[in-house]
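model11.txt (compact mmCIF, C-alpha atoms) appears below.
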```txt
# COMPACT_ATOMS: atom_id res chain seq x y z
CA MET A 4 137.17 107.55 266.31
CA ARG A 5 134.79 109.26 263.96
CA SER A 6 135.42 108.24 260.36
CA VAL A 7 135.89 111.22 258.08
CA THR A 8 136.91 112.06 254.56
CA PRO A 9 138.73 115.38 254.20
CA PRO A 10 136.27 117.70 252.45
CA LEU A 11 137.25 120.30 249.94
CA ASN A 12 137.57 123.86 251.26
CA VAL A 13 137.07 122.64 254.82
CA MET A 14 138.72 125.71 256.39
CA ARG A 15 135.81 127.89 257.48
CA GLN A 16 137.79 130.94 258.59
CA GLY A 17 140.71 133.01 257.42
CA THR A 18 143.98 133.02 259.33
CA ASP A 19 144.17 136.68 260.30
CA GLY A 20 141.55 136.51 263.08
CA GLN A 21 141.06 134.44 266.21
CA GLY A 22 140.04 131.27 264.44
CA LEU A 23 138.28 128.66 266.54
CA TRP A 24 138.23 130.81 269.67
CA ALA A 25 136.04 133.47 268.06
CA GLU A 26 133.55 130.78 267.01
CA THR A 27 133.26 129.00 270.35
CA ALA A 28 133.61 131.81 272.91
CA PRO A 29 130.53 133.34 274.53
CA ALA A 30 129.57 136.65 272.97
CA ALA A 31 131.62 139.65 274.00
CA PRO A 32 129.92 142.17 276.29
CA LYS A 33 128.30 145.04 274.44
CA THR A 34 130.66 148.01 274.14
CA ALA A 35 130.91 151.11 271.99
CA SER A 36 133.58 153.46 270.68
CA ILE A 37 134.48 156.50 272.71
CA CYS A 38 132.79 159.54 271.20
CA ASP A 39 133.06 162.21 273.86
CA ALA A 40 135.27 163.52 276.67
CA THR A 41 135.39 161.65 279.98
CA THR A 42 137.55 161.47 283.08
CA ALA A 43 138.99 158.63 285.12
CA ASP A 44 141.37 157.89 287.95
CA VAL A 45 143.15 155.42 285.66
CA ALA A 46 143.05 155.04 281.88
CA ILE A 47 144.11 151.65 280.53
CA VAL A 48 145.22 151.25 276.93
CA GLY A 49 144.62 147.67 275.78
CA ALA A 50 141.82 145.21 276.59
CA GLY A 51 143.84 142.01 276.88
CA PHE A 52 144.61 139.96 279.97
CA THR A 53 146.77 142.63 281.63
CA GLY A 54 144.50 145.60 280.95
CA LEU A 55 141.31 143.75 281.86
CA SER A 56 142.79 142.29 285.05
CA ALA A 57 143.99 145.75 286.07
CA ALA A 58 140.56 147.23 285.27
CA LEU A 59 138.80 144.57 287.32
CA HIS A 60 141.00 144.94 290.39
CA LEU A 61 141.03 148.75 290.24
CA SER A 62 137.28 149.07 289.83
CA GLN A 63 136.64 146.58 292.63
CA ALA A 64 138.71 148.85 294.88
CA GLY A 65 136.55 151.84 293.99
CA ALA A 66 138.68 153.52 291.32
CA LYS A 67 137.09 155.05 288.24
CA VAL A 68 138.58 153.17 285.30
CA VAL A 69 138.34 153.64 281.53
CA VAL A 70 139.76 151.04 279.14
CA LEU A 71 140.55 152.01 275.54
CA GLU A 72 140.91 149.16 273.03
CA ALA A 73 141.90 149.75 269.40
CA GLY A 74 139.93 146.72 268.19
CA GLU A 75 137.67 144.33 270.06
CA ILE A 76 138.17 142.79 273.52
CA GLY A 77 141.02 140.28 273.41
CA GLU A 78 141.76 141.02 269.76
CA GLY A 79 145.54 140.76 270.13
CA GLY A 80 147.54 137.94 271.68
CA SER A 81 144.92 137.36 274.38
CA GLY A 82 142.47 135.96 271.83
CA ARG A 83 144.91 134.13 269.56
CA ASN A 84 147.11 131.98 271.79
CA VAL A 85 147.04 128.27 272.60
CA GLY A 86 145.31 128.70 275.96
CA LEU A 87 147.95 127.14 278.23
CA VAL A 88 147.85 128.63 281.73
CA ASN A 89 151.45 128.01 282.74
CA ALA A 90 153.44 128.84 285.85
CA GLY A 91 156.84 130.53 285.67
CA MET A 92 158.59 131.63 282.49
CA TRP A 93 160.52 129.90 279.72
CA VAL A 94 163.83 130.40 281.49
CA LEU A 95 164.95 127.93 284.15
CA PRO A 96 163.94 128.85 287.72
CA GLU A 97 167.53 129.40 288.84
CA THR A 98 168.10 131.81 285.95
CA LEU A 99 165.72 134.46 287.31
CA PRO A 100 167.76 135.30 290.44
CA GLN A 101 170.94 135.19 288.36
CA THR A 102 169.50 137.64 285.83
CA LEU A 103 167.42 139.95 288.03
CA GLY A 104 169.29 139.66 291.32
CA LYS A 105 168.18 137.54 294.24
CA GLU A 106 165.51 139.90 295.59
CA HIS A 107 163.62 140.54 292.35
CA GLY A 108 164.35 137.09 290.97
CA GLU A 109 162.92 135.17 293.92
CA ARG A 110 159.98 137.57 294.17
CA LEU A 111 159.11 137.08 290.49
CA LEU A 112 159.53 133.30 290.78
CA LYS A 113 157.07 133.12 293.65
CA LEU A 114 154.59 135.44 291.96
CA LEU A 115 154.58 133.55 288.65
CA SER A 116 154.63 130.14 290.34
CA ASP A 117 151.32 131.05 291.98
CA ALA A 118 149.89 132.95 288.97
CA PRO A 119 147.74 130.11 287.54
CA ARG A 120 145.88 129.92 290.85
CA LEU A 121 144.84 133.58 290.49
CA VAL A 122 143.47 132.82 287.02
CA PHE A 123 141.51 129.80 288.25
CA ASP A 124 140.17 131.70 291.27
CA LEU A 125 138.97 134.62 289.14
CA ILE A 126 137.24 132.24 286.73
CA LYS A 127 135.36 130.56 289.57
CA LYS A 128 134.60 133.76 291.48
CA HIS A 129 133.10 135.51 288.46
CA GLY A 130 131.55 132.46 286.81
CA ILE A 131 133.57 132.87 283.61
CA ALA A 132 132.57 130.24 281.03
CA CYS A 133 135.95 129.53 279.44
CA ASP A 134 136.33 125.72 279.47
CA LEU A 135 138.69 125.66 282.44
CA GLU A 136 140.79 122.50 282.88
CA GLU A 137 142.94 122.22 286.02
CA THR A 138 144.67 118.93 285.24
CA GLY A 139 148.11 120.45 284.64
CA THR A 140 150.34 120.71 281.59
CA LEU A 141 152.94 118.43 280.01
CA HIS A 142 156.30 119.77 278.81
CA CYS A 143 157.48 117.00 276.50
CA ALA A 144 161.12 115.98 275.99
CA VAL A 145 162.44 115.64 272.45
CA GLY A 146 165.28 113.11 272.76
CA GLU A 147 167.96 112.93 275.42
CA ARG A 148 168.79 116.62 275.23
CA GLY A 149 165.18 117.54 275.94
CA LEU A 150 165.06 115.07 278.80
CA GLN A 151 168.14 116.65 280.38
CA GLU A 152 166.51 120.09 280.16
CA LEU A 153 163.34 118.84 281.85
CA ASP A 154 165.36 117.06 284.52
CA ALA A 155 167.02 120.37 285.38
CA ARG A 156 163.63 122.12 285.50
CA ALA A 157 162.18 119.40 287.70
CA ARG A 158 165.08 119.55 290.16
CA GLN A 159 165.03 123.34 290.37
CA TRP A 160 161.27 123.54 290.92
CA ALA A 161 161.30 120.64 293.38
CA ALA A 162 163.92 122.48 295.43
CA ARG A 163 161.30 125.20 295.87
CA GLY A 164 158.60 122.74 296.94
CA VAL A 165 156.64 122.97 293.69
CA PRO A 166 154.40 120.03 292.65
CA VAL A 167 156.08 119.03 289.39
CA ARG A 168 157.04 115.50 288.38
CA LEU A 169 159.34 114.18 285.67
CA LEU A 170 157.67 111.31 283.84
CA ASP A 171 159.59 108.55 282.07
CA GLY A 172 158.91 107.50 278.49
CA LYS A 173 156.26 104.93 279.40
CA GLU A 174 154.34 107.31 281.69
CA THR A 175 154.58 110.03 279.05
CA ALA A 176 153.18 107.77 276.35
CA GLU A 177 150.21 106.97 278.60
CA LYS A 178 149.56 110.66 279.33
CA ILE A 179 149.91 111.76 275.69
CA GLY A 180 148.79 108.76 273.67
CA SER A 181 151.99 108.79 271.65
CA ASP A 182 155.49 107.35 272.08
CA ALA A 183 157.11 110.31 270.31
CA TYR A 184 158.68 111.76 273.46
CA ALA A 185 161.40 110.55 275.82
CA GLY A 186 159.67 111.96 278.90
CA ALA A 187 157.62 114.89 280.13
CA LEU A 188 157.39 117.32 283.02
CA LEU A 189 153.91 117.23 284.58
CA ASP A 190 153.11 120.57 286.24
CA LEU A 191 149.99 120.34 288.39
CA ARG A 192 149.92 124.10 289.02
CA ALA A 193 148.90 124.69 285.42
CA GLY A 194 145.93 124.08 283.14
CA THR A 195 144.12 125.28 280.03
CA VAL A 196 141.35 127.72 279.14
CA GLN A 197 139.58 129.00 276.07
CA PRO A 198 141.63 132.23 276.02
CA LEU A 199 139.25 134.56 274.20
CA ALA A 200 136.38 133.38 276.40
CA TYR A 201 138.52 134.11 279.46
CA ALA A 202 139.33 137.62 278.18
CA ARG A 203 135.67 138.33 277.50
CA GLY A 204 134.78 137.02 280.95
CA LEU A 205 137.30 139.35 282.58
CA ALA A 206 135.74 142.20 280.63
CA GLU A 207 132.25 141.25 281.86
CA ALA A 208 133.51 141.18 285.45
CA ALA A 209 135.27 144.54 285.08
CA LEU A 210 132.16 146.14 283.61
CA ALA A 211 130.04 144.72 286.43
CA SER A 212 132.48 146.28 288.90
CA GLY A 213 132.04 149.73 287.35
CA ALA A 214 134.80 149.97 284.75
CA GLN A 215 134.10 151.49 281.34
CA ILE A 216 135.45 149.72 278.25
CA PHE A 217 135.53 151.44 274.86
CA THR A 218 136.33 149.26 271.84
CA ASN A 219 137.36 150.32 268.34
CA SER A 220 138.90 153.30 270.13
CA GLN A 221 142.56 153.49 269.24
CA ALA A 222 144.58 155.78 271.48
CA ILE A 223 146.59 157.99 269.16
CA ARG A 224 148.13 160.63 271.44
CA ILE A 225 148.90 161.35 275.09
CA VAL A 226 148.99 165.00 276.15
CA PRO A 227 150.10 166.21 279.63
CA GLN A 228 147.39 168.30 281.28
CA ASN A 229 147.78 169.99 284.66
CA GLY A 230 149.53 167.06 286.33
CA ALA A 231 147.24 164.52 284.66
CA VAL A 232 147.24 163.22 281.08
CA ARG A 233 144.72 163.29 278.27
CA VAL A 234 144.59 160.11 276.18
CA GLU A 235 143.18 161.07 272.81
CA CYS A 236 141.30 158.92 270.31
CA ALA A 237 139.88 159.98 266.96
CA ASN A 238 136.44 160.89 268.32
CA GLY A 239 136.93 161.37 272.04
CA HIS A 240 139.39 161.42 274.90
CA VAL A 241 139.82 160.47 278.54
CA THR A 242 141.66 162.58 281.10
CA ALA A 243 143.19 160.53 283.90
CA GLU A 244 145.67 160.84 286.71
CA ARG A 245 147.47 157.64 285.69
CA VAL A 246 147.75 155.48 282.58
CA ILE A 247 148.50 151.77 282.24
CA ALA A 248 150.19 150.70 279.00
CA ALA A 249 148.82 147.20 278.32
CA THR A 250 149.50 146.78 274.60
CA ASN A 251 152.56 144.45 274.69
CA ALA A 252 153.21 142.79 271.30
CA TYR A 253 150.34 144.71 269.67
CA THR A 254 151.73 148.17 270.45
CA SER A 255 151.22 150.38 267.41
CA VAL A 256 150.80 154.17 267.53
CA LEU A 257 151.63 154.96 271.15
CA TRP A 258 154.94 154.09 272.80
CA PRO A 259 157.01 153.06 269.77
CA GLU A 260 159.85 152.42 272.22
CA LEU A 261 157.94 149.38 273.49
CA ARG A 262 157.65 148.00 269.98
CA GLU A 263 161.37 148.61 269.37
CA GLU A 264 162.28 146.54 272.43
CA LEU A 265 160.28 143.46 271.42
CA VAL A 266 161.01 140.92 268.71
CA LEU A 267 157.65 139.62 267.47
CA LEU A 268 157.46 135.85 267.25
CA PRO A 269 154.49 134.56 265.20
CA TYR A 270 152.63 131.48 266.46
CA PHE A 271 149.92 129.56 264.61
CA ASN A 272 147.29 126.98 265.48
CA PHE A 273 145.27 124.46 263.46
CA ALA A 274 142.14 122.81 264.87
CA THR A 275 140.57 119.54 263.73
CA ILE A 276 136.93 118.62 263.47
CA PRO A 277 135.37 117.45 266.77
CA LEU A 278 136.49 113.89 267.52
CA ASP A 279 135.08 111.16 269.71
CA GLY A 280 135.61 107.50 270.60
CA MET A 281 139.13 106.08 270.68
CA ALA A 282 140.84 109.41 269.97
CA ARG A 283 139.30 111.11 273.00
CA GLU A 284 140.07 108.09 275.20
CA THR A 285 143.74 107.67 274.26
CA ILE A 286 145.08 111.12 273.27
CA LEU A 287 145.69 113.35 276.30
CA PRO A 288 143.04 111.39 278.24
CA GLN A 289 143.37 113.68 281.27
CA ARG A 290 143.13 116.76 279.02
CA GLN A 291 146.45 118.35 279.86
CA GLY A 292 147.85 120.92 277.46
CA ALA A 293 151.21 119.89 276.00
CA TRP A 294 154.21 121.37 274.22
CA ASP A 295 157.74 120.13 273.54
CA THR A 296 161.35 121.20 274.14
CA GLU A 297 162.23 122.09 270.54
CA LYS A 298 163.27 125.69 269.98
CA ILE A 299 160.64 125.83 267.25
CA LEU A 300 158.19 123.97 269.42
CA THR A 301 155.05 121.96 268.83
CA SER A 302 152.00 122.37 271.09
CA PHE A 303 148.78 120.38 271.24
CA ARG A 304 145.64 120.29 273.39
CA TRP A 305 141.93 119.48 273.30
CA ASP A 306 139.15 122.02 273.35
CA ARG A 307 135.87 121.33 275.15
CA GLN A 308 134.13 120.22 271.93
CA GLY A 309 136.76 117.55 271.22
CA ARG A 310 138.86 119.34 268.63
CA LEU A 311 142.60 118.70 268.78
CA ILE A 312 144.52 121.96 268.41
CA LEU A 313 148.07 121.75 267.03
CA GLY A 314 150.40 124.74 266.95
CA SER A 315 153.95 125.93 266.32
CA VAL A 316 156.10 128.95 265.47
CA GLY A 317 155.29 130.70 262.21
CA SER A 318 152.78 132.96 260.50
CA LEU A 319 150.06 131.78 258.14
CA ARG A 320 150.73 134.29 255.42
CA GLY A 321 152.55 134.14 252.10
CA THR A 322 154.50 130.92 251.61
CA GLY A 323 154.14 130.17 255.31
CA ARG A 324 150.48 129.20 255.03
CA ALA A 325 151.06 126.21 252.76
CA ILE A 326 154.31 125.16 254.47
CA HIS A 327 152.93 125.24 257.99
CA LYS A 328 149.67 123.56 256.99
CA ALA A 329 151.57 120.71 255.34
CA TRP A 330 153.76 120.42 258.44
CA ALA A 331 150.71 120.34 260.70
CA ARG A 332 149.11 117.62 258.57
CA ARG A 333 152.25 115.46 258.70
CA THR A 334 152.95 116.14 262.40
CA LEU A 335 149.42 115.23 263.45
CA ALA A 336 149.73 111.92 261.62
CA LYS A 337 153.18 111.27 263.08
CA LEU A 338 152.15 111.94 266.66
CA PHE A 339 148.76 110.25 266.39
CA PRO A 340 148.55 107.90 263.38
CA MET A 341 144.81 107.31 263.96
CA LEU A 342 144.27 110.97 262.97
CA CYS A 343 146.06 110.76 259.63
CA ASP A 344 142.87 111.48 257.68
CA VAL A 345 141.26 113.95 260.04
CA PRO A 346 140.88 117.40 258.46
CA PHE A 347 141.54 120.80 259.95
CA THR A 348 138.63 123.22 260.09
CA HIS A 349 140.20 126.34 261.62
CA ALA A 350 143.56 128.07 261.38
CA TRP A 351 144.81 131.30 262.97
CA TYR A 352 147.95 132.97 264.26
CA GLY A 353 149.13 135.82 266.43
CA TYR A 354 152.29 137.40 267.79
CA ILE A 355 154.32 136.91 270.96
CA GLY A 356 156.49 139.74 272.31
CA MET A 357 160.00 138.42 273.04
CA THR A 358 162.66 140.26 275.08
CA ASP A 359 166.38 139.61 274.81
CA ASN A 360 166.54 137.69 278.11
CA HIS A 361 163.09 136.04 277.75
CA LEU A 362 161.83 137.84 280.86
CA PRO A 363 159.07 140.47 281.10
CA ARG A 364 159.78 144.16 281.62
CA LEU A 365 158.18 146.78 283.86
CA HIS A 366 158.44 150.25 282.38
CA ARG A 367 157.59 153.70 283.66
CA LEU A 368 157.18 155.40 280.30
CA SER A 369 156.58 158.82 281.87
CA ARG A 370 155.60 160.19 285.27
CA ASN A 371 151.98 159.13 284.71
CA VAL A 372 152.40 156.02 282.54
CA ILE A 373 153.43 152.52 283.66
CA GLY A 374 153.07 149.02 282.20
CA PHE A 375 154.41 145.50 281.79
CA SER A 376 155.38 143.99 278.44
CA GLY A 377 157.36 141.12 276.95
CA TYR A 378 155.55 138.02 278.18
CA ASN A 379 157.59 135.72 275.94
CA GLY A 380 154.76 133.31 275.27
CA ARG A 381 153.43 133.20 278.83
CA GLY A 382 150.62 135.72 278.60
CA ILE A 383 147.63 134.28 280.45
CA ALA A 384 148.84 133.79 284.01
CA PRO A 385 151.54 136.52 284.05
CA GLY A 386 149.24 138.98 282.28
CA THR A 387 146.52 138.39 284.85
CA VAL A 388 148.79 138.66 287.87
CA PHE A 389 150.69 141.67 286.49
CA GLY A 390 147.39 143.45 285.93
CA LYS A 391 146.58 142.90 289.59
CA ILE A 392 150.06 144.10 290.61
CA LEU A 393 149.63 147.31 288.58
CA ALA A 394 146.25 147.92 290.20
CA GLU A 395 147.65 147.46 293.69
CA HIS A 396 150.65 149.66 292.88
CA LEU A 397 148.47 152.52 291.62
CA MET A 398 146.27 152.18 294.71
CA GLY A 399 149.36 152.62 296.90
CA ARG A 400 149.34 149.07 298.27
CA ILE A 401 152.64 148.09 296.61
CA SER A 402 155.62 150.46 296.65
CA ASP A 403 158.27 150.73 293.93
CA GLU A 404 160.61 148.76 296.19
CA ASP A 405 158.15 145.86 296.46
CA LEU A 406 157.36 145.48 292.75
CA PRO A 407 158.27 142.09 291.22
CA LEU A 408 160.56 143.63 288.60
CA PRO A 409 162.85 146.64 288.59
CA VAL A 410 161.30 149.70 286.95
CA THR A 411 163.23 150.40 283.73
CA GLN A 412 163.10 152.30 280.47
CA PRO A 413 162.68 150.40 277.17
CA ARG A 414 165.86 149.55 275.31
CA PRO A 415 165.78 149.25 271.50
CA ARG A 416 166.58 145.71 270.35
CA PRO A 417 169.47 145.70 267.84
CA PHE A 418 168.61 144.19 264.44
CA ARG A 419 164.99 143.70 265.51
CA ALA A 420 163.54 143.66 261.98
CA PHE A 421 166.26 141.26 260.83
CA ARG A 422 165.52 138.93 263.74
CA GLU A 423 161.80 138.93 262.99
CA THR A 424 162.41 138.08 259.35
CA GLY A 425 164.79 135.34 260.45
CA ILE A 426 162.19 133.81 262.74
CA GLU A 427 159.56 133.74 260.02
CA LEU A 428 161.84 132.27 257.37
CA GLY A 429 163.57 130.00 259.86
CA SER A 430 160.30 128.46 261.01
CA GLN A 431 159.37 127.73 257.40
CA ALA A 432 162.76 126.11 256.77
CA PHE A 433 162.54 124.06 259.97
CA HIS A 434 159.07 122.78 259.18
CA THR A 435 160.08 121.98 255.60
CA LEU A 436 163.08 119.95 256.83
CA GLN A 437 160.90 118.12 259.34
CA MET A 438 158.61 117.06 256.51
CA ILE A 439 161.55 115.81 254.43
CA ARG A 440 162.95 113.62 257.20
```
Final structure tokens representation of the file:
Amino acid sequence: MRSVTPPLNVMRQGTDGQGLWAETAPAAPKTASICDATTADVAIVGAGFTGLSAALHLSQAGAKVVVLEAGEIGEGGSGRNVGLVNAGMWVLPETLPQTLGKEHGERLLKLLSDAPRLVFDLIKKHGIACDLEETGTLHCAVGERGLQELDARARQWAARGVPVRLLDGKETAEKIGSDAYAGALLDLRAGTVQPLAYARGLAEAALASGAQIFTNSQAIRIVPQNGAVRVECANGHVTAERVIAATNAYTSVLWPELREELVLLPYFNFATIPLDGMARETILPQRQGAWDTEKILTSFRWDRQGRLILGSVGSLRGTGRAIHKAWARRTLAKLFPMLCDVPFTHAWYGYIGMTDNHLPRLHRLSRNVIGFSGYNGRGIAPGTVFGKILAEHLMGRISDEDLPLPVTQPRPRPFRAFRETGIELGSQAFHTLQMIR
């Protein structure tokens, strides 16, 4: 392992951006703000995984598509997350049919089980440089309770013929390079990417297929117009027959009902300096992404340059910055003692949109407006596949009856603001207690 002494002021970036991902991703395609009137078959609000996937698939089918993004491409959750391309959702596989009914539940299970493959295929087809790793992911068991949860997941997925395997403590230690966990679920459907690079690559592919993408163009109003709708920005507008709402946890001006349905869960990441030698050989030697079974979980993975990225629930603002940084320092040393003196160089955080049942929602917000939201921490694969589903639905290839989720209206979440405050303070308390133990 490279010998280092923690330098003063080593953090090169603030915590309110995209941290490491913004530094290591290929440059975003050149775009401009909308400054005139234009027309489209479909207007898409939001240039994250869902909006860009929808734009790509629609434009490939010959539709005229305009994407409006309030900031830059992938500026929201798509450019701030850990980069795990997971299959399924947080809930157990058997829970989906119980919650959604057998028809929708089994349909959604199959769709999301196969979703990572769509991501990997798009990356290869369009030559997206996003550090793709297809070696799977490791869901790590904290104690006996965590092991029981993973055993249930393994049995339920295995019953559906899915290639997952429950590892014992010894196998887990070999895969992770730490004996901190009682076992792990290895999911070979999954993998990792550099998420902002993937978002920018989707944007490049959509542009090459004929889509238009306007950045720094916040949609502020939707006005019905002769059976179509006009989506207005400060300096221009687009008139379209249909609109896709692809703003999810970063919904602001438009569709406040979406924001009222979601509890925002902050998630942060710290990245080390690039490492080599023994660390690279023993820690996650097959380069799986990993996270554990704690409610306030810990995640860790390598990037292509050999930085170890450690994350958990919480925002890096106010008192949270110091608390979570101290927790990250201690946790890194606890998991991997050889890294006890390795400094962090980047830190960032973003928000995850959580629904009350931890399952995504499909909303028809008006006659002309439709969209998915509430990815509950599984944005990359579901966002990509849901974007494709929306494209196929608007092209008439998928009927309402064949959609993977029932079409609903948003429901305000009771005590939403209180819950969000509780998550932020609770994560600080949890990480403080972990440091005391």
Calculate how many Å separate atom CA of Leu150 of chain A from atom CA of Ile179 of chain A, rounding to one decimal.
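Atom CA of Ile179 of chain A lies at a distance of 15.8 Å from atom CA of Leu150 of chain A.
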The centre and edge lengths of an axis-aligned box containing all atoms of segment 294-309 of chain A present in the file, extended by 4 Å on each side, are to be given in Å to one decimal, as JSON.
```
{"center_x": 148.7, "center_y": 121.7, "center_z": 271.2, "size_x": 37.1, "size_y": 16.3, "size_z": 15.9}
```
Go through A:Val145, A:Cys236, A:Met341, A:Ile383 and flag the residue nearest Gly280 of chain A, using only C-alpha atoms for the distances.
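So, comparing all the options, the nearest one is A:Met341.
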Ranking A:Lys127, A:Arg120, A:His396, A:Arg224 by minimum distance to Leu191 of chain A and counting all atoms listed in the file, which one comes first?
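Nearest candidate to Leu191 of chain A out of A:Lys127, A:Arg120, A:His396, A:Arg224: A:Arg120.
Counting only C-alpha atoms and comparing A:Leu141, A:Ala202, A:Val388, A:Val241, the residue that lies closest to Glu78 of chain A is A:Ala202.
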Excluding same-chain residues fewer than 6 positions from Leu114 of chain A, what lies within 9 Å of it counting only C-alpha atoms, as an NGL selection string?
:A and (91 or 385 or 388 or 407)
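Residue nearest Pro29 of chain A, chosen from A:Arg290, A:His142, A:Arg203, A:Arg163 and counting all atoms listed in the file: A:Arg203.
Atom CA of Thr102 of chain A to atom CA of Asp403 of chain A spans 19.1 Å [interatomic distance, one decimal].
Of the listed residues A:Ala157, A:Leu189, A:Ala248, A:Ala274, the one whose atoms come nearest to Leu393 of chain A is A:Ala248, with distances taken using only C-alpha atoms.
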For atom CA of Glu244 of chain A and atom CA of Ala231 of chain A, the interatomic separation in Å (one decimal)
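These two atoms are separated by 4.5 Å.
Closest to Leu313 of chain A among A:Asn84, A:Gln221, A:Gln21, A:Thr387 is A:Asn84, based on all atoms listed in the file.
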Any chance you could tabulate, as a tab-separated table, the residues of segment 36-124 of chain A at most 12 Å from segment 364-378 of chain A with each one's nearest atom pair and distance in Å to one decimal, using all atoms listed in the file, in chain and rising number order?
```
residue	atom	partner	partner_atom	distance
A:Asp44	CA	A:Asn371	CA	11.2
A:Val45	CA	A:Asn371	CA	9.6
A:Ala46	CA	A:Val372	CA	9.4
A:Ile47	CA	A:Gly374	CA	9.5
A:Val48	CA	A:Gly374	CA	9.7
A:Gly49	CA	A:Gly374	CA	10.7
A:Gly51	CA	A:Ser376	CA	11.8
A:Phe52	CA	A:Tyr378	CA	11.3
A:Thr53	CA	A:Phe375	CA	8.2
A:Gly54	CA	A:Gly374	CA	9.3
A:Ala57	CA	A:Gly374	CA	10.4
A:Gly80	CA	A:Tyr378	CA	10.3
A:Ser81	CA	A:Tyr378	CA	11.3
A:Asn89	CA	A:Tyr378	CA	11.7
A:Gly91	CA	A:Tyr378	CA	10.7
A:Met92	CA	A:Tyr378	CA	8.3
A:Trp93	CA	A:Tyr378	CA	9.6
A:Val94	CA	A:Tyr378	CA	11.7
A:Leu103	CA	A:Arg364	CA	10.8
A:His107	CA	A:Leu365	CA	11.9
A:Leu111	CA	A:Arg364	CA	11.4
A:Leu115	CA	A:Tyr378	CA	11.4
```
Report as JSON lines: every residue of segment 72-184 of chain A with an atom at most 10 Å from segment 301-309 of chain A, its closest pair of atoms, and their distance in Å to one decimal, counting only C-alpha atoms, with rows sorted by chain and ascending residue number.
```
{"residue": "A:Val85", "atom": "CA", "partner": "A:Ser302", "partner_atom": "CA", "distance": 7.9}
{"residue": "A:Gly86", "atom": "CA", "partner": "A:Arg304", "partner_atom": "CA", "distance": 8.8}
{"residue": "A:Leu87", "atom": "CA", "partner": "A:Arg304", "partner_atom": "CA", "distance": 8.7}
{"residue": "A:Cys133", "atom": "CA", "partner": "A:Arg307", "partner_atom": "CA", "distance": 9.3}
{"residue": "A:Asp134", "atom": "CA", "partner": "A:Arg307", "partner_atom": "CA", "distance": 6.2}
{"residue": "A:Leu135", "atom": "CA", "partner": "A:Arg307", "partner_atom": "CA", "distance": 8.9}
{"residue": "A:Glu136", "atom": "CA", "partner": "A:Arg307", "partner_atom": "CA", "distance": 9.2}
{"residue": "A:Thr140", "atom": "CA", "partner": "A:Arg304", "partner_atom": "CA", "distance": 9.5}
{"residue": "A:Leu141", "atom": "CA", "partner": "A:Ser302", "partner_atom": "CA", "distance": 9.8}
{"residue": "A:His142", "atom": "CA", "partner": "A:Ser302", "partner_atom": "CA", "distance": 9.2}
{"residue": "A:Cys143", "atom": "CA", "partner": "A:Ser302", "partner_atom": "CA", "distance": 9.4}
{"residue": "A:Ile179", "atom": "CA", "partner": "A:Phe303", "partner_atom": "CA", "distance": 9.8}
```
Cut-off 8 Å around (156.8, 111.8, 276.7) with only C-alpha atoms: residues as a PyMOL selection string
chain A and resi 143-144+170-176+178-179+181-187
Residue selection dump (C-alpha atoms) as a CSV table (one decimal), in the frame of the given file:
```
chain,number,residue,atom,x,y,z
A,143,CYS,CA,157.5,117.0,276.5
A,144,ALA,CA,161.1,116.0,276.0
A,170,LEU,CA,157.7,111.3,283.8
A,171,ASP,CA,159.6,108.6,282.1
A,172,GLY,CA,158.9,107.5,278.5
A,173,LYS,CA,156.3,104.9,279.4
A,174,GLU,CA,154.3,107.3,281.7
A,175,THR,CA,154.6,110.0,279.0
A,176,ALA,CA,153.2,107.8,276.4
A,178,LYS,CA,149.6,110.7,279.3
A,179,ILE,CA,149.9,111.8,275.7
A,181,SER,CA,152.0,108.8,271.6
A,182,ASP,CA,155.5,107.4,272.1
A,183,ALA,CA,157.1,110.3,270.3
A,184,TYR,CA,158.7,111.8,273.5
A,185,ALA,CA,161.4,110.6,275.8
A,186,GLY,CA,159.7,112.0,278.9
A,187,ALA,CA,157.6,114.9,280.1
```
Enumerate, as a PyMOL selection string, the protein, DNA and RNA residues whose atoms approach (134.7, 151.9, 291.1) to within 7 Å, taking into account all atoms listed in the file and the coordinate frame of the file.
chain A and resi 62-67+212-214
All residues 12 Å or closer to Ala432 of chain A, only C-alpha atoms, same chain fewer than 4 positions away omitted, as a list in words:
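The residues satisfying every condition are Ile299, Val316, Gly317, Thr322, Gly323, Ile326, His327, Trp330, Gly425, Ile426, Glu427, Leu428, Leu436, Gln437, Met438 and Ile439 of chain A.
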For Arg110 of chain A, work out the shell of residues within 10 Å, counting all atoms listed in the file and skipping chain neighbours fewer than 6 positions away, then give it as a ChimeraX atom specification.
/A:99-100,103-104,116,405-408
Could you pull the residues within 12 Å of Asp124 of chain A, counting only C-alpha atoms, minus those fewer than 5 positions along the same chain, as a list in words?
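Contacts, with the query itself left out: Asp117, Ala118, Pro119, His129, Gly130, Ile131, Leu135, Glu137, Leu205, Ala384, Thr387 and Val388 of chain A.
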Could the residues in this selection be saved with C-alpha atoms as a PDB file, in the coordinates of the input?
```pdb
ATOM      1  CA  ASP A 117     151.320 131.050 291.980  1.00  0.00           C
ATOM      2  CA  ALA A 118     149.890 132.950 288.970  1.00  0.00           C
ATOM      3  CA  PRO A 119     147.740 130.110 287.540  1.00  0.00           C
ATOM      4  CA  HIS A 129     133.100 135.510 288.460  1.00  0.00           C
ATOM      5  CA  GLY A 130     131.550 132.460 286.810  1.00  0.00           C
ATOM      6  CA  ILE A 131     133.570 132.870 283.610  1.00  0.00           C
ATOM      7  CA  LEU A 135     138.690 125.660 282.440  1.00  0.00           C
ATOM      8  CA  GLU A 137     142.940 122.220 286.020  1.00  0.00           C
ATOM      9  CA  LEU A 205     137.300 139.350 282.580  1.00  0.00           C
ATOM     10  CA  ALA A 384     148.840 133.790 284.010  1.00  0.00           C
ATOM     11  CA  THR A 387     146.520 138.390 284.850  1.00  0.00           C
ATOM     12  CA  VAL A 388     148.790 138.660 287.870  1.00  0.00           C
TER      13      VAL A 388
END
```
